[in-house]
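S.K.: Contents of run_20.cif (mmCIF, C-alpha atoms):
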data_my_file
#
loop_
_atom_site.group_PDB
_atom_site.id
_atom_site.type_symbol
_atom_site.label_atom_id
_atom_site.label_comp_id
_atom_site.auth_asym_id
_atom_site.auth_seq_id
_atom_site.Cartn_x
_atom_site.Cartn_y
_atom_site.Cartn_z
ATOM 1 C CA MET A 167 0.000 0.000 0.000
ATOM 2 C CA TYR A 168 1.087 3.549 -0.672
ATOM 3 C CA THR A 169 -0.077 6.913 0.643
ATOM 4 C CA LEU A 170 -0.205 9.994 -1.552
ATOM 5 C CA PRO A 171 2.512 12.411 -0.365
ATOM 6 C CA THR A 172 1.274 15.766 0.918
ATOM 7 C CA ILE A 173 4.599 17.526 1.591
ATOM 8 C CA ILE A 174 6.897 17.634 -1.423
ATOM 9 C CA GLY A 175 10.536 18.632 -1.135
ATOM 10 C CA ILE A 176 12.312 19.969 -4.210
ATOM 11 C CA VAL A 177 16.073 20.433 -4.502
ATOM 12 C CA GLY A 178 16.995 22.998 -7.138
ATOM 13 C CA SER A 179 15.191 26.241 -7.933
ATOM 14 C CA GLY A 180 16.082 26.481 -11.620
ATOM 15 C CA GLN A 181 13.521 26.388 -14.390
ATOM 16 C CA MET A 182 12.678 22.724 -13.741
ATOM 17 C CA GLY A 183 12.611 22.869 -9.939
ATOM 18 C CA CYS A 184 10.419 25.954 -9.862
ATOM 19 C CA GLY A 185 8.162 24.545 -12.550
ATOM 20 C CA ILE A 186 7.609 21.366 -10.536
ATOM 21 C CA ALA A 187 7.056 23.443 -7.392
ATOM 22 C CA GLN A 188 4.378 25.458 -9.176
ATOM 23 C CA VAL A 189 2.603 22.319 -10.408
ATOM 24 C CA ALA A 190 2.589 20.712 -6.951
ATOM 25 C CA ALA A 191 1.481 23.864 -5.131
ATOM 26 C CA GLN A 192 -1.324 24.478 -7.628
ATOM 27 C CA LYS A 193 -2.625 21.007 -6.794
ATOM 28 C CA GLY A 194 -2.815 21.887 -3.093
ATOM 29 C CA LEU A 195 0.395 20.228 -1.894
ATOM 30 C CA THR A 196 2.835 21.854 0.493
ATOM 31 C CA VAL A 197 6.193 22.449 -1.200
ATOM 32 C CA LEU A 198 9.590 22.831 0.464
ATOM 33 C CA LEU A 199 11.853 24.401 -2.168
ATOM 34 C CA ASN A 200 15.598 24.385 -1.509
ATOM 35 C CA ASP A 201 18.655 25.605 -3.359
ATOM 36 C CA ALA A 202 22.306 26.082 -2.494
ATOM 37 C CA SER A 203 22.138 29.883 -2.437
ATOM 38 C CA ALA A 204 19.671 32.575 -1.482
ATOM 39 C CA ALA A 205 20.281 34.335 -4.803
ATOM 40 C CA ALA A 206 19.231 31.217 -6.736
ATOM 41 C CA ILE A 207 16.071 30.916 -4.659
ATOM 42 C CA ASP A 208 15.225 34.573 -5.254
ATOM 43 C CA ARG A 209 15.739 34.265 -9.008
ATOM 44 C CA GLY A 210 13.704 31.102 -9.237
ATOM 45 C CA PHE A 211 10.870 32.374 -7.094
ATOM 46 C CA THR A 212 10.647 35.545 -9.186
ATOM 47 C CA VAL A 213 10.293 33.439 -12.347
ATOM 48 C CA LEU A 214 7.637 31.307 -10.655
ATOM 49 C CA GLN A 215 5.626 34.361 -9.627
ATOM 50 C CA LYS A 216 5.818 35.781 -13.159
ATOM 51 C CA SER A 217 4.593 32.456 -14.517
ATOM 52 C CA LEU A 218 1.545 32.644 -12.278
ATOM 53 C CA GLU A 219 0.988 36.283 -13.219
ATOM 54 C CA ARG A 220 0.860 35.278 -16.892
ATOM 55 C CA LEU A 221 -1.726 32.627 -16.079
ATOM 56 C CA VAL A 222 -3.805 35.196 -14.210
ATOM 57 C CA LYS A 223 -3.666 37.570 -17.199
ATOM 58 C CA LYS A 224 -4.801 34.740 -19.470
ATOM 59 C CA GLY A 225 -7.692 34.017 -17.140
ATOM 60 C CA THR A 226 -6.680 30.396 -16.520
ATOM 61 C CA VAL A 227 -5.897 31.049 -12.845
ATOM 62 C CA THR A 228 -7.669 33.432 -10.482
ATOM 63 C CA PRO A 229 -5.656 35.954 -8.453
ATOM 64 C CA ASP A 230 -6.743 34.177 -5.251
ATOM 65 C CA ASP A 231 -5.574 30.797 -6.560
ATOM 66 C CA ALA A 232 -2.242 32.293 -7.608
ATOM 67 C CA ALA A 233 -1.756 33.799 -4.155
ATOM 68 C CA ALA A 234 -2.684 30.493 -2.514
ATOM 69 C CA THR A 235 -0.182 28.661 -4.735
ATOM 70 C CA VAL A 236 2.622 31.005 -3.692
ATOM 71 C CA GLY A 237 1.591 30.612 -0.056
ATOM 72 C CA ARG A 238 2.075 26.832 -0.208
ATOM 73 C CA ILE A 239 5.725 27.142 -1.273
ATOM 74 C CA HIS A 240 8.272 27.480 1.532
ATOM 75 C CA THR A 241 11.839 28.255 0.522
ATOM 76 C CA SER A 242 15.211 27.591 2.116
ATOM 77 C CA HIS A 243 18.827 27.700 1.032
ATOM 78 C CA GLY A 244 22.026 25.968 2.006
ATOM 79 C CA SER A 245 21.459 22.980 4.278
ATOM 80 C CA LEU A 246 18.992 20.311 3.170
ATOM 81 C CA GLU A 247 17.847 19.926 6.791
ATOM 82 C CA ALA A 248 14.838 22.063 5.891
ATOM 83 C CA LEU A 249 13.527 19.135 3.825
ATOM 84 C CA ARG A 250 13.455 16.723 6.762
ATOM 85 C CA GLY A 251 9.674 16.957 7.007
ATOM 86 C CA ALA A 252 9.010 16.072 3.354
ATOM 87 C CA ASP A 253 7.208 12.844 2.428
ATOM 88 C CA PHE A 254 8.582 12.798 -1.098
ATOM 89 C CA ILE A 255 11.606 14.687 -2.473
ATOM 90 C CA ILE A 256 12.336 15.489 -6.104
ATOM 91 C CA GLU A 257 15.907 16.395 -7.032
ATOM 92 C CA ALA A 258 16.067 18.878 -9.929
ATOM 93 C CA VAL A 259 19.680 20.068 -10.005
ATOM 94 C CA ALA A 260 22.067 20.236 -12.966
ATOM 95 C CA GLU A 261 22.191 17.194 -15.263
ATOM 96 C CA GLU A 262 25.583 16.071 -13.966
ATOM 97 C CA GLU A 263 25.979 12.733 -12.233
ATOM 98 C CA ASN A 264 28.450 13.830 -9.562
ATOM 99 C CA ILE A 265 26.248 16.748 -8.501
ATOM 100 C CA LYS A 266 23.172 14.556 -8.297
ATOM 101 C CA LYS A 267 24.979 11.886 -6.307
ATOM 102 C CA GLU A 268 26.170 14.459 -3.791
ATOM 103 C CA VAL A 269 22.600 15.685 -3.325
ATOM 104 C CA PHE A 270 21.356 12.129 -2.780
ATOM 105 C CA ARG A 271 24.109 11.390 -0.261
ATOM 106 C CA SER A 272 23.050 14.444 1.726
ATOM 107 C CA LEU A 273 19.333 13.690 1.449
ATOM 108 C CA ASP A 274 19.941 10.144 2.649
ATOM 109 C CA LYS A 275 21.459 11.548 5.842
ATOM 110 C CA VAL A 276 18.903 14.241 6.676
ATOM 111 C CA THR A 277 15.539 12.744 5.658
ATOM 112 C CA ARG A 278 13.350 10.202 7.378
ATOM 113 C CA VAL A 279 13.886 6.536 6.517
ATOM 114 C CA GLY A 280 10.519 6.268 4.752
ATOM 115 C CA THR A 281 10.965 9.338 2.558
ATOM 116 C CA ILE A 282 11.037 8.581 -1.167
ATOM 117 C CA LEU A 283 13.833 10.242 -3.143
ATOM 118 C CA ALA A 284 13.106 10.925 -6.814
ATOM 119 C CA SER A 285 15.425 12.302 -9.468
ATOM 120 C CA ASN A 286 14.249 14.507 -12.310
ATOM 121 C CA THR A 287 17.175 13.268 -14.380
ATOM 122 C CA SER A 288 16.520 12.909 -18.078
ATOM 123 C CA SER A 289 19.485 10.679 -18.901
ATOM 124 C CA ILE A 290 21.477 9.406 -15.894
ATOM 125 C CA SER A 291 21.117 5.897 -14.456
ATOM 126 C CA ILE A 292 18.720 5.716 -11.509
ATOM 127 C CA THR A 293 20.587 2.641 -10.296
ATOM 128 C CA ARG A 294 23.864 4.577 -10.077
ATOM 129 C CA ILE A 295 22.234 7.554 -8.368
ATOM 130 C CA ALA A 296 20.533 5.227 -5.853
ATOM 131 C CA SER A 297 23.801 3.416 -5.128
ATOM 132 C CA VAL A 298 25.072 6.281 -2.954
ATOM 133 C CA THR A 299 22.108 5.944 -0.554
ATOM 134 C CA THR A 300 21.180 3.394 2.086
ATOM 135 C CA ARG A 301 17.673 3.124 0.592
ATOM 136 C CA PRO A 302 17.996 2.297 -3.135
ATOM 137 C CA HIS A 303 14.545 0.681 -2.991
ATOM 138 C CA ARG A 304 13.101 4.135 -2.253
ATOM 139 C CA VAL A 305 14.807 5.901 -5.181
ATOM 140 C CA VAL A 306 12.964 6.405 -8.470
ATOM 141 C CA GLY A 307 13.284 8.409 -11.670
ATOM 142 C CA MET A 308 10.564 11.026 -12.138
ATOM 143 C CA HIS A 309 11.320 13.108 -15.206
ATOM 144 C CA PHE A 310 9.091 16.143 -15.721
ATOM 145 C CA MET A 311 9.242 17.804 -19.135
ATOM 146 C CA HIS A 312 9.953 21.494 -19.666
ATOM 147 C CA PRO A 313 8.004 23.612 -18.983
ATOM 148 C CA ALA A 314 6.595 21.473 -16.184
ATOM 149 C CA PRO A 315 3.363 23.490 -15.690
ATOM 150 C CA LEU A 316 2.404 23.035 -19.359
ATOM 151 C CA VAL A 317 3.683 19.676 -20.607
ATOM 152 C CA PRO A 318 1.282 16.885 -19.579
ATOM 153 C CA LEU A 319 3.826 14.048 -19.361
ATOM 154 C CA VAL A 320 5.987 12.599 -16.604
ATOM 155 C CA GLU A 321 8.444 9.824 -17.436
ATOM 156 C CA LEU A 322 9.019 7.292 -14.665
ATOM 157 C CA ALA A 323 12.034 4.998 -14.459
ATOM 158 C CA LYS A 324 12.779 2.190 -12.008
ATOM 159 C CA GLY A 325 16.312 1.570 -10.859
ATOM 160 C CA MET A 326 17.524 -1.969 -10.274
ATOM 161 C CA HIS A 327 16.326 -1.885 -6.648
ATOM 162 C CA THR A 328 13.289 0.433 -6.872
ATOM 163 C CA SER A 329 10.394 -1.187 -5.013
ATOM 164 C CA GLN A 330 6.920 -1.522 -6.466
ATOM 165 C CA GLN A 331 5.562 0.588 -3.604
ATOM 166 C CA THR A 332 7.999 3.401 -4.435
ATOM 167 C CA PHE A 333 7.069 3.213 -8.101
ATOM 168 C CA GLU A 334 3.333 3.238 -7.395
ATOM 169 C CA THR A 335 3.697 6.208 -5.052
ATOM 170 C CA ALA A 336 5.546 8.174 -7.740
ATOM 171 C CA GLN A 337 2.944 7.167 -10.285
ATOM 172 C CA SER A 338 0.048 8.218 -8.060
ATOM 173 C CA LEU A 339 1.751 11.551 -7.340
ATOM 174 C CA ALA A 340 2.266 12.231 -11.060
ATOM 175 C CA GLN A 341 -1.387 11.452 -11.736
ATOM 176 C CA HIS A 342 -2.501 13.660 -8.843
ATOM 177 C CA LEU A 343 -0.507 16.466 -10.467
ATOM 178 C CA GLY A 344 -2.572 15.972 -13.624
ATOM 179 C CA LYS A 345 0.166 14.276 -15.611
ATOM 180 C CA SER A 346 0.045 11.278 -17.915
ATOM 181 C CA VAL A 347 2.782 8.737 -17.257
ATOM 182 C CA CYS A 348 5.110 6.772 -19.494
ATOM 183 C CA VAL A 349 7.439 4.150 -18.045
ATOM 184 C CA SER A 350 11.014 3.369 -19.065
ATOM 185 C CA ILE A 351 13.517 0.835 -17.864
ATOM 186 C CA ASP A 352 16.769 2.261 -16.520
ATOM 187 C CA ARG A 353 18.675 3.089 -19.700
ATOM 188 C CA PRO A 354 20.545 6.289 -20.671
ATOM 189 C CA GLY A 355 18.122 8.920 -21.934
ATOM 190 C CA PHE A 356 15.144 6.719 -21.042
ATOM 191 C CA LEU A 357 12.421 7.137 -23.712
ATOM 192 C CA VAL A 358 11.842 10.811 -24.399
ATOM 193 C CA TYR A 359 15.353 12.220 -24.544
ATOM 194 C CA ARG A 360 16.893 9.184 -26.211
ATOM 195 C CA LEU A 361 14.561 10.013 -29.092
ATOM 196 C CA LEU A 362 14.597 13.808 -28.818
ATOM 197 C CA MET A 363 18.246 14.639 -28.158
ATOM 198 C CA PRO A 364 19.658 13.059 -31.346
ATOM 199 C CA LEU A 365 17.090 15.126 -33.280
ATOM 200 C CA ILE A 366 18.233 18.326 -31.558
ATOM 201 C CA ASN A 367 21.877 17.350 -32.040
ATOM 202 C CA GLU A 368 21.299 16.790 -35.766
ATOM 203 C CA ALA A 369 19.618 20.197 -36.015
ATOM 204 C CA PHE A 370 22.861 21.733 -34.705
ATOM 205 C CA PHE A 371 24.828 19.786 -37.329
ATOM 206 C CA LEU A 372 22.501 21.185 -40.026
ATOM 207 C CA LEU A 373 23.079 24.680 -38.646
ATOM 208 C CA SER A 374 26.859 24.235 -38.442
ATOM 209 C CA GLU A 375 27.052 22.910 -42.004
ATOM 210 C CA GLY A 376 24.956 25.782 -43.362
ATOM 211 C CA VAL A 377 22.269 23.441 -44.698
ATOM 212 C CA GLY A 378 19.622 25.881 -43.483
ATOM 213 C CA THR A 379 19.124 28.862 -41.205
ATOM 214 C CA ALA A 380 17.970 28.374 -37.629
ATOM 215 C CA GLU A 381 14.553 29.725 -38.624
ATOM 216 C CA ASP A 382 14.200 27.350 -41.587
ATOM 217 C CA ILE A 383 15.402 24.323 -39.623
ATOM 218 C CA ASP A 384 12.743 24.972 -36.988
ATOM 219 C CA ARG A 385 10.096 25.884 -39.561
ATOM 220 C CA SER A 386 10.710 22.643 -41.456
ATOM 221 C CA MET A 387 9.905 20.569 -38.377
ATOM 222 C CA ARG A 388 7.019 22.694 -37.122
ATOM 223 C CA LEU A 389 5.183 22.810 -40.421
ATOM 224 C CA GLY A 390 6.512 19.614 -41.964
ATOM 225 C CA THR A 391 5.972 17.279 -39.009
ATOM 226 C CA ASN A 392 3.466 19.247 -36.912
ATOM 227 C CA MET A 393 5.892 19.724 -33.993
ATOM 228 C CA GLN A 394 4.697 22.482 -31.670
ATOM 229 C CA SER A 395 8.245 23.851 -31.455
ATOM 230 C CA GLY A 396 11.227 23.417 -33.728
ATOM 231 C CA PRO A 397 14.255 21.497 -32.412
ATOM 232 C CA LEU A 398 16.494 24.558 -31.955
ATOM 233 C CA ARG A 399 13.860 26.553 -30.097
ATOM 234 C CA MET A 400 13.142 23.444 -28.029
ATOM 235 C CA ALA A 401 16.838 23.119 -27.210
ATOM 236 C CA ASP A 402 16.875 26.738 -26.029
ATOM 237 C CA ASN A 403 13.898 25.984 -23.786
ATOM 238 C CA ILE A 404 15.506 22.881 -22.294
ATOM 239 C CA GLY A 405 18.885 24.596 -21.905
ATOM 240 C CA LEU A 406 21.801 24.067 -24.280
ATOM 241 C CA ASP A 407 24.053 23.015 -21.404
ATOM 242 C CA THR A 408 21.527 20.348 -20.435
ATOM 243 C CA CYS A 409 21.284 19.143 -24.044
ATOM 244 C CA LEU A 410 25.073 18.893 -24.255
ATOM 245 C CA ASN A 411 25.315 16.994 -20.959
ATOM 246 C CA ILE A 412 22.673 14.525 -22.126
ATOM 247 C CA MET A 413 24.388 13.943 -25.473
ATOM 248 C CA ARG A 414 27.669 13.350 -23.657
ATOM 249 C CA THR A 415 25.954 10.844 -21.370
ATOM 250 C CA LEU A 416 24.431 8.992 -24.334
ATOM 251 C CA HIS A 417 27.761 8.990 -26.178
ATOM 252 C CA THR A 418 29.712 7.781 -23.146
ATOM 253 C CA GLN A 419 27.232 5.123 -22.042
ATOM 254 C CA PHE A 420 26.442 3.635 -25.444
ATOM 255 C CA GLY A 421 29.821 4.251 -27.105
ATOM 256 C CA ASP A 422 27.989 4.793 -30.377
ATOM 257 C CA PRO A 423 29.204 7.609 -32.678
ATOM 258 C CA LYS A 424 25.623 8.450 -33.622
ATOM 259 C CA TYR A 425 25.393 10.176 -30.220
ATOM 260 C CA ARG A 426 28.515 12.305 -30.780
ATOM 261 C CA PRO A 427 27.644 15.875 -29.611
ATOM 262 C CA CYS A 428 27.759 18.472 -32.357
ATOM 263 C CA PRO A 429 30.800 20.756 -31.885
ATOM 264 C CA LEU A 430 28.592 23.795 -32.522
ATOM 265 C CA LEU A 431 26.361 22.836 -29.587
ATOM 266 C CA ALA A 432 29.476 22.653 -27.389
ATOM 267 C CA GLN A 433 30.611 26.029 -28.725
ATOM 268 C CA TYR A 434 27.333 27.680 -27.755
ATOM 269 C CA VAL A 435 27.688 26.322 -24.226
ATOM 270 C CA ASP A 436 31.355 27.313 -23.994
ATOM 271 C CA GLY A 437 30.328 30.829 -25.014
ATOM 272 C CA GLY A 438 27.662 31.053 -22.316
ATOM 273 C CA LEU A 439 24.734 30.907 -24.743
ATOM 274 C CA LEU A 440 22.497 28.569 -22.763
ATOM 275 C CA GLY A 441 19.035 29.427 -24.064
ATOM 276 C CA VAL A 442 15.961 30.792 -22.360
ATOM 277 C CA LYS A 443 17.471 30.407 -18.886
ATOM 278 C CA ASN A 444 19.904 33.259 -19.511
ATOM 279 C CA GLY A 445 18.194 34.964 -22.439
ATOM 280 C CA ARG A 446 20.622 33.916 -25.197
ATOM 281 C CA GLY A 447 20.907 30.669 -27.092
ATOM 282 C CA VAL A 448 20.331 29.944 -30.747
ATOM 283 C CA PHE A 449 17.794 32.758 -30.437
ATOM 284 C CA GLN A 450 17.575 35.725 -28.074
ATOM 285 C CA TYR A 451 14.736 36.051 -25.584
ATOM 286 C CA ASP A 452 12.930 38.682 -23.590
ATOM 287 C CA PRO A 453 13.825 37.659 -20.004
ATOM 288 C CA LEU A 454 10.355 38.544 -18.720
ATOM 289 C CA ILE A 455 8.196 36.695 -21.235
ATOM 290 C CA HIS A 456 10.702 34.114 -22.557
ATOM 291 C CA ASP A 457 9.704 34.910 -26.127
ATOM 292 C CA VAL A 458 12.055 35.322 -29.072
ATOM 293 C CA VAL A 459 13.102 38.910 -29.740
ATOM 294 C CA HIS A 460 15.987 38.223 -32.160
ATOM 295 C CA ALA A 461 16.499 35.229 -34.410
ATOM 296 C CA ALA A 462 20.193 35.974 -34.897
ATOM 297 C CA GLN A 463 22.934 36.566 -32.342
ATOM 298 C CA PRO A 464 24.388 40.055 -32.912
ATOM 299 C CA HIS A 465 28.087 40.548 -32.127
ATOM 300 C CA VAL A 466 28.680 36.806 -31.661
ATOM 301 C CA ASN A 467 31.133 34.943 -33.873
ATOM 302 C CA LEU A 468 29.942 31.363 -34.265
ATOM 303 C CA THR A 469 31.848 28.809 -36.282
ATOM 304 C CA HIS A 470 29.218 27.602 -38.711
ATOM 305 C CA HIS A 471 30.408 25.527 -41.696
ATOM 306 C CA MET A 472 32.848 23.989 -39.208
ATOM 307 C CA ALA A 473 33.695 20.885 -41.205
ATOM 308 C CA SER A 474 32.318 18.494 -43.735
ATOM 309 C CA PRO A 475 30.342 15.605 -42.191
ATOM 310 C CA ALA A 476 33.099 13.137 -43.082
ATOM 311 C CA SER A 477 35.994 15.137 -41.671
ATOM 312 C CA SER A 478 34.157 16.211 -38.529
ATOM 313 C CA ALA A 479 33.165 12.631 -37.769
ATOM 314 C CA SER A 480 36.766 11.468 -37.808
ATOM 315 C CA SER A 481 38.382 14.383 -36.000
ATOM 316 C CA TYR A 482 36.078 15.223 -33.126
ATOM 317 C CA SER A 483 36.413 13.542 -29.735
ATOM 318 C CA LEU A 484 34.959 14.228 -26.297
#
Just dump the structure as structure tokens.

M.R.:
Amino acid sequence: MYTLPTIIGIVGSGQMGCGIAQVAAQKGLTVLLNDASAAAIDRGFTVLQKSLERLVKKGTVTPDDAAATVGRIHTSHGSLEALRGADFIIEAVAEEENIKKEVFRSLDKVTRVGTILASNTSSISITRIASVTTRPHRVVGMHFMHPAPLVPLVELAKGMHTSQQTFETAQSLAQHLGKSVCVSIDRPGFLVYRLLMPLINEAFFLLSEGVGTAEDIDRSMRLGTNMQSGPLRMADNIGLDTCLNIMRTLHTQFGDPKYRPCPLLAQYVDGGLLGVKNGRGVFQYDPLIHDVVHAAQPHVNLTHHMASPASSASSYSL
């Protein structure tokens, strides 16, 4: 038997953590939102409040409901001790295995024995993350899509030791949050990003080779395949650093050259062009409304036409 959690802890107040916090609080759950620094919490909470304000302006949320949602979210920074009272904790930090493992080690020490620990990872092994805890049977993958308040899917993944009770609790929570669920075994990239990331990566190869402009690459997929967003705009929304980390994980874990990250994607990240999260990626964005304001990147020298497909395949290495 499982009991629906009522107090949700969230580690990480970036675009994913705050999005999940908003979803949970809108459904009446108490949320304990934690990040390493007060500045990160302040930035994230500001974005969350603006998200609710947009919903109020659209008439999909009442001002009273928005205020109640904010009131259910309790923030803290630094020590994870503030999450001790949570029934269910979702980690939503950077998509880097060492960082996630450190968070899980700390959570294992400060939370109650029965608390379920979920990772929002989109590519990293749940089994390996769980291995640093004393409760691998209570660790599960719970991957929300970006933006969490709008995308109706949650991808669940069992690690080698994840119990059926833990899985069913995560499933019931996702359904309570109004999400549909798909289930993957514990493999790099799971279902969604193992399919999506190679598409995004190939879009960067098309851009680097000059096959089409960023606008035409996205337009071809939006109008030609009925995608709601083109792959480059989608990459900006996810975060180019996250896309690069996922491609590196796929390439490392599978050892297959088809997952080789595009050098242009790495160049964007090296240059600090991360997408919507900092206002500049393949496109430029208004920081308040997250909408495109410039298709091109003025005053940025990007190495398009970097190499022919044959020469780049043989010369590039991680």

S.K.: Could you tell me how far atom CA of Ala206 of chain A lies from atom CA of Lys223 of chain A, in Å and to one decimal?

M.R.: 26.0 Å

S.K.: Could you list, as a PyMOL selection string, every residue matched by the PyMOL selection byres ((chain A and resi 202) around 8) in this structure?

M.R.: chain A and resi 178+200-201+203-204+206+243-245

S.K.: Using only C-alpha atoms, which of A:Ser297, A:Leu322, A:Gly175, A:Thr418 sits nearest Leu283 of chain A?

M.R.: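 Nearest to Leu283 of chain A: A:Gly175.
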
S.K.: For Phe370 of chain A, list every protein, DNA or RNA residue within 10 Å, evaluated using only C-alpha atoms, and leave out those in the same chain fewer than 4 positions away; present the list as an MDAnalysis selection string.

M.R.: chainID A and resid 364:366 374:376 380 383 397:398 401 427:432 448 470

S.K.: Pick out the residues sitting within 12 Å of Gln394 of chain A, and hand them over as a PyMOL selection string; count only C-alpha atoms, and ignore anything fewer than 6 positions along from it in its own chain.

M.R.: chain A and resi 317+384-388+400

S.K.: Suppose a student applies the PyMOL selection byres ((chain A and resi 363) around 10) to this structure; what residues should they get, written as an MDAnalysis selection string?

M.R.: chainID A and resid 355 358:362 364:369 397 401 409:410 412:413 416 425 427

S.K.: Could you check how far atom CA of Arg304 of chain A sits from atom CA of Ser346 of chain A, in Å to one decimal?

M.R.: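 Those two atoms sit 21.6 Å apart.
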
S.K.: Excluding same-chain residues fewer than 3 positions from His240 of chain A, what lies within 7 Å of it counting only C-alpha atoms, as a list in words?

M.R.: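 The residues satisfying every condition are Val197, Leu198 and Leu199 of chain A.
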
S.K.: Find, counting all atoms listed in the file, the residue in A:Lys267, A:Arg220, A:Arg209, A:His327 that gets nearest to Thr287 of chain A.

M.R.: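 Of all the options, A:Lys267 lies closest to Thr287 of chain A.
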
S.K.: Tell me which of A:Val189, A:Ile292, A:Ile255, A:Leu406 sits closest to Thr235 of chain A, counting all atoms listed in the file.

M.R.: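 Ranked by minimum distance to Thr235 of chain A, first place goes to A:Val189.
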
S.K.: Which residue is closest to Ser350 of chain A? Choose from A:Arg278, A:Val306, A:Arg414, A:Asn392 and count all atoms listed in the file.

M.R.: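 Residue with the minimum atom-to-atom distance to Ser350 of chain A: A:Val306.
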
S.K.: I'd like a table as CSV: residues in segment 300-350 of chain A with an atom no more than 12 Å from segment 248-254 of chain A, each row giving the shortest atom pair and its distance in Å to one decimal, only C-alpha atoms counted, sorted by chain and rising residue number.

M.R.:
residue,atom,partner,partner_atom,distance
A:Arg304,CA,A:Phe254,CA,9.8
A:Val305,CA,A:Phe254,CA,10.1
A:Val306,CA,A:Phe254,CA,10.7
A:Met308,CA,A:Phe254,CA,11.4
A:Thr332,CA,A:Phe254,CA,10.0
A:Phe333,CA,A:Phe254,CA,12.0
A:Thr335,CA,A:Phe254,CA,9.1
A:Ala336,CA,A:Phe254,CA,8.6
A:Ser338,CA,A:Phe254,CA,11.9
A:Leu339,CA,A:Phe254,CA,9.3
A:Ala340,CA,A:Phe254,CA,11.8

S.K.: Compute the distance from (8.8, 7.3, -16.1) to each atom, counting only C-alpha atoms, keep the residues with any atom at most 7 Å away, and return them as a PyMOL selection string; use the coordinates of the file.

M.R.: chain A and resi 307-309+320-323+347-350

S.K.: Residues within 7 Å of (21.3, 14.5, -15.3), file coordinates, counting only C-alpha atoms: what are they? Give the list as a PyMOL selection string.

M.R.: chain A and resi 260-263+287-290+412

S.K.: Going by the chain IDs and residue numbers used in this file, which residues fall under the PyMOL selection byres ((chain A and resi 271) around 12)? Write them as a VMD selection string.

M.R.: chain A and resid 246 257 264 to 270 272 to 277 283 294 to 302 305

S.K.: For segment 417-427 of chain A of the block above, can you save N, CA, C and O atoms as a compact mmCIF listing (two decimals), in the first residue's frame?

M.R.:
# COMPACT_ATOMS: atom_id res chain seq x y z
N HIS A 417 26.55 9.39 -25.44
CA HIS A 417 27.76 8.99 -26.18
C HIS A 417 28.67 8.12 -25.31
O HIS A 417 29.18 7.09 -25.76
N THR A 418 28.84 8.53 -24.05
CA THR A 418 29.71 7.78 -23.15
C THR A 418 29.13 6.41 -22.81
O THR A 418 29.84 5.39 -22.83
N GLN A 419 27.85 6.36 -22.50
CA GLN A 419 27.23 5.12 -22.04
C GLN A 419 27.04 4.10 -23.16
O GLN A 419 27.21 2.91 -22.95
N PHE A 420 26.67 4.57 -24.34
CA PHE A 420 26.44 3.63 -25.44
C PHE A 420 27.69 3.41 -26.29
O PHE A 420 27.81 2.38 -26.97
N GLY A 421 28.63 4.39 -26.29
CA GLY A 421 29.82 4.25 -27.10
C GLY A 421 29.54 4.23 -28.59
O GLY A 421 30.34 3.71 -29.38
N ASP A 422 28.41 4.81 -28.98
CA ASP A 422 27.99 4.79 -30.38
C ASP A 422 28.22 6.18 -30.98
O ASP A 422 27.74 7.19 -30.43
N PRO A 423 28.93 6.28 -32.11
CA PRO A 423 29.20 7.61 -32.68
C PRO A 423 27.96 8.38 -33.11
O PRO A 423 28.05 9.59 -33.31
N LYS A 424 26.83 7.71 -33.24
CA LYS A 424 25.62 8.45 -33.62
C LYS A 424 25.19 9.43 -32.54
O LYS A 424 24.40 10.34 -32.80
N TYR A 425 25.71 9.26 -31.32
CA TYR A 425 25.39 10.18 -30.22
C TYR A 425 26.48 11.23 -30.00
O TYR A 425 26.47 11.93 -28.99
N ARG A 426 27.43 11.34 -30.92
CA ARG A 426 28.51 12.31 -30.78
C ARG A 426 27.95 13.73 -30.74
O ARG A 426 27.30 14.16 -31.69
N PRO A 427 28.19 14.51 -29.67
CA PRO A 427 27.64 15.87 -29.61
C PRO A 427 28.19 16.75 -30.73
O PRO A 427 29.38 16.69 -31.06
